[in-house]
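Following: one structure in structure tokens, then a few remarks.
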Amino acid sequence: MERLNLEGWLPIRVWQDAGQWQVDWCWFGDARLHQPFFRDAVEDALRLPFNQAFRRTTALSTLADWQACSPSLPPSAFIFHASRCGSTLISQMLAQLDNHIVISEPPPLDAFLRSDLPTVERRAAIKGLLSAYGQCRRGVEQRLVIKLDAWNIGELPLLRECFPETPWLFLYRDPLEIAVSHLRRPGVHMVPGMIGASVLDDEFPFSSREDYIARRLARLLVSGLAQCQAFGGWAVNYSELPQAMAGRLAALFALDFEQRRQVFAAAGQHAKQPSQVFAAAGQHAKQPSQVFVDDSEGKHREASTLLRERVERWAREPYEALEQLRKI
């Protein structure tokens, strides 16, 4: 068989056509993936004249073929999270390092994790996909970090079957602060029917937006707690950031002293004082053009009586259990 060559190409979409899975690829060349989310990088790449003129679609088996032809970096860390709790901050700090590839919430991975593919085929697809993302397109990359969608915590056992040695963390935050954020601007997983079946679902009707958000948030925290207990994940509270990136998380991400300095310097902090609050950088992780402001106190003031009651009823207990686990 003629050697497959997909150098510079990355999978951007997977879909079914007449029952057969297909993979859409996009040309990235040696461009770094510095955007807050993978979909942002895809949008930028699709504006290139080359990608507007040429499309590349292959069968699902091409992922495994490319993995065999061009072995890549294995995943070095997975970031799971309860949403709106600092995961983008972590991924953006790591993305500043030349030797890191950071893929943030790639839709193809979510599609495979929650697909109806037979187990063996699904594992092969996931391994092939992450191998494609872990290609050393610039020749200096040494580590691959994957940030998943919040609801993917339910699929962590499958991911562990594929990569049993890869360390991972579960990031969370005071549930009232997360809930207020979703009331302001709901994530897709906080809108009924938007993401399909997931670990967030339950069988009970909801009485209000506040009730729906609090219950789904509770499911996230319960799942995160259970997976941390079962598979040895690192429980990390938003309140630890960004200091933890120079402390215990530096060990998880295998950051040496110079890399710790770089992630804080790139964030606009004083390189010798990485314990300063990230807000001092004046940069919002998800929206770099906006000024970052720590809004924890404001969210507590904004929360309605109903939201407080629902969060306390559904989400407070798993949050406190995560806090106990984190402090062990």
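A note on labels: chains of the structure tokens are A, B, ... as shown, every chain counts residues from 1, and ligands are counted from 1 in their shown order.
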I'd like the neighbourhood of region 225-238 of chain A as an mmCIF file with N, CA and C atoms, in the first residue's frame, where a residue qualifies if any of its atoms comes within 7 Å (using only C-alpha atoms), though same-chain residues fewer than 6 positions away should be ignored.
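Final output, out-v8.cif:
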```cif
data_model
loop_
_atom_site.group_PDB
_atom_site.id
_atom_site.type_symbol
_atom_site.label_atom_id
_atom_site.label_comp_id
_atom_site.auth_asym_id
_atom_site.auth_seq_id
_atom_site.Cartn_x
_atom_site.Cartn_y
_atom_site.Cartn_z
ATOM 1 N N CYS A 85 -15.086 26.881 35.280
ATOM 2 C CA CYS A 85 -14.334 26.787 36.534
ATOM 3 C C CYS A 85 -12.825 26.846 36.335
ATOM 4 N N GLY A 86 -12.344 27.375 35.205
ATOM 5 C CA GLY A 86 -10.923 27.609 35.051
ATOM 6 C C GLY A 86 -10.183 26.638 34.156
ATOM 7 N N TRP A 168 -4.877 12.523 34.907
ATOM 8 C CA TRP A 168 -5.978 13.422 34.583
ATOM 9 C C TRP A 168 -6.440 14.161 35.836
ATOM 10 N N LEU A 169 -7.085 15.281 35.601
ATOM 11 C CA LEU A 169 -7.622 16.058 36.720
ATOM 12 C C LEU A 169 -9.090 16.377 36.472
ATOM 13 N N PHE A 170 -9.791 16.625 37.568
ATOM 14 C CA PHE A 170 -11.175 17.102 37.500
ATOM 15 C C PHE A 170 -11.232 18.442 38.213
ATOM 16 N N LEU A 171 -11.520 19.483 37.449
ATOM 17 C CA LEU A 171 -11.558 20.847 37.969
ATOM 18 C C LEU A 171 -13.003 21.237 38.267
ATOM 19 N N TYR A 172 -13.205 21.872 39.406
ATOM 20 C CA TYR A 172 -14.551 22.257 39.811
ATOM 21 C C TYR A 172 -14.499 23.580 40.561
ATOM 22 N N ARG A 173 -15.657 24.067 40.954
ATOM 23 C CA ARG A 173 -15.755 25.378 41.581
ATOM 24 C C ARG A 173 -16.994 25.403 42.472
ATOM 25 N N LEU A 322 -16.020 16.502 47.201
ATOM 26 C CA LEU A 322 -14.830 16.752 46.410
ATOM 27 C C LEU A 322 -13.792 17.530 47.191
ATOM 28 N N ARG A 326 -10.051 16.330 47.949
ATOM 29 C CA ARG A 326 -8.910 17.166 47.534
ATOM 30 C C ARG A 326 -7.936 17.373 48.676
#
```
Region 14-257 of chain A: residues DSSP assigns to strand (DSSP E), reported as a PyMOL selection string: chain A and resi 14-17+20-27+56-59+75-81+100-104+143-147+168-172+234-237
Backbone-only DSSP, alpha helix (DSSP H) members of region 34-265 of chain A, as number ranges by chain: A: 38-46, 49-53, 61-69, 87-94, 107-113, 119-133, 156-162, 175-184, 209-231, 248-252, 257-265
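In this model, the gap between CA of Asp65 (chain A) and CA of Gly139 (chain A) comes to 21.2 Å.
Nearest to Pro71 (chain A) of all the residues A:Gly134, A:Pro157, A:Pro167, A:Gly8 is A:Gly134, based on only C-alpha atoms.
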Please report, as a Markdown table, each residue of region 55-139 of chain A lying at most 10 Å from region 180-198 of chain A, together with the nearest pair of atoms and the separation in Å rounded to one decimal; use only C-alpha atoms, and order rows by chain and ascending residue number.
```
| residue | atom | partner | partner_atom | distance |
| --- | --- | --- | --- | --- |
| A:Ser83 | CA | A:Gly187 | CA | 8.4 |
| A:Arg84 | CA | A:Ser181 | CA | 7.1 |
| A:Cys85 | CA | A:Ser181 | CA | 9.8 |
| A:Arg114 | CA | A:Ser198 | CA | 7.9 |
```
Can you write out the residues you just picked, keeping C-alpha atoms, as an mmCIF file, in the first residue's frame?
```cif
data_model
loop_
_atom_site.group_PDB
_atom_site.id
_atom_site.type_symbol
_atom_site.label_atom_id
_atom_site.label_comp_id
_atom_site.auth_asym_id
_atom_site.auth_seq_id
_atom_site.Cartn_x
_atom_site.Cartn_y
_atom_site.Cartn_z
ATOM 1 C CA SER A 83 -17.578 23.896 33.313
ATOM 2 C CA ARG A 84 -17.017 27.601 33.979
ATOM 3 C CA CYS A 85 -14.334 26.787 36.534
ATOM 4 C CA ARG A 114 -20.627 8.972 22.935
#
```
Do a neighbour search on region 55-57 of chain A at 8 Å with only C-alpha atoms, toss out local chain neighbours closer than 5 positions, and write the hits as a PDB file with C-alpha atoms, in the first residue's frame.
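Okay, around23.pdb is ready:
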```pdb
ATOM      1  CA  GLN A  22     -16.449   9.624   7.689  1.00  0.00           C
ATOM      2  CA  VAL A  23     -13.661  11.990   8.777  1.00  0.00           C
ATOM      3  CA  ASP A  24     -13.259  15.562   7.528  1.00  0.00           C
ATOM      4  CA  TRP A  25      -9.701  16.918   7.624  1.00  0.00           C
ATOM      5  CA  CYS A  26      -8.402  20.482   7.517  1.00  0.00           C
TER       6      CYS A  26
END
```
Using only C-alpha atoms, which residues of region 138-185 of chain A come within 9 Å of region 116-131 of chain A, and what is the closest atom pair for each, with the distance in Å to one decimal? Give it as JSON lines, sorted by chain and residue number.
```
{"residue": "A:Leu144", "atom": "CA", "partner": "A:Leu130", "partner_atom": "CA", "distance": 8.9}
{"residue": "A:Ile146", "atom": "CA", "partner": "A:Leu130", "partner_atom": "CA", "distance": 8.7}
{"residue": "A:Leu158", "atom": "CA", "partner": "A:Arg123", "partner_atom": "CA", "distance": 7.7}
{"residue": "A:Leu159", "atom": "CA", "partner": "A:Ile126", "partner_atom": "CA", "distance": 8.1}
{"residue": "A:Glu161", "atom": "CA", "partner": "A:Arg123", "partner_atom": "CA", "distance": 7.9}
{"residue": "A:Cys162", "atom": "CA", "partner": "A:Arg123", "partner_atom": "CA", "distance": 6.2}
{"residue": "A:Phe163", "atom": "CA", "partner": "A:Lys127", "partner_atom": "CA", "distance": 8.4}
```
Close residues, Gly224 (chain A) itself excluded, 8 Å, only C-alpha atoms, min 5 positions apart in chain, as a VMD selection string: chain A and resid 81 to 82 153 170
Requested write-out: C-alpha atoms of the selected residues, as a compact mmCIF listing (two decimals), in the first residue's frame:
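Contents of result18.txt, as written:
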```txt
# COMPACT_ATOMS: atom_id res chain seq x y z
CA HIS A 81 -14.05 19.89 34.46
CA ALA A 82 -17.45 20.95 35.79
CA ILE A 153 -16.62 12.89 32.60
CA PHE A 170 -11.17 17.10 37.50
```
Need the shell around Val311 (chain A): protein/DNA/RNA residues with any atom at most 9 Å away, counting only C-alpha atoms. Skip same-chain ones fewer than 4 positions apart. Format as a PDB file with C-alpha atoms, in the first residue's frame?
```
ATOM      1  CA  PRO A 175     -21.500  25.298  42.458  1.00  0.00           C
ATOM      2  CA  LEU A 176     -23.386  28.541  43.075  1.00  0.00           C
ATOM      3  CA  ALA A 179     -24.822  28.026  38.258  1.00  0.00           C
ATOM      4  CA  GLU A 210     -32.633  27.118  38.264  1.00  0.00           C
ATOM      5  CA  ASP A 211     -33.722  23.590  39.130  1.00  0.00           C
ATOM      6  CA  ILE A 213     -29.077  23.831  35.989  1.00  0.00           C
ATOM      7  CA  ALA A 214     -28.542  22.887  39.634  1.00  0.00           C
ATOM      8  CA  ARG A 215     -29.459  19.257  39.033  1.00  0.00           C
ATOM      9  CA  LEU A 217     -24.409  20.577  37.774  1.00  0.00           C
ATOM     10  CA  ALA A 218     -24.907  18.138  40.644  1.00  0.00           C
ATOM     11  CA  LEU A 306     -34.471  30.100  44.305  1.00  0.00           C
ATOM     12  CA  LEU A 307     -31.076  29.364  42.765  1.00  0.00           C
ATOM     13  CA  ALA A 315     -25.060  20.311  44.330  1.00  0.00           C
ATOM     14  CA  ARG A 316     -23.643  21.277  47.691  1.00  0.00           C
TER      15      ARG A 316
END
```
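Our summary of the geometry notes that CA of Val42 (chain A) is positioned 11.9 Å from CA of Glu105 (chain A).
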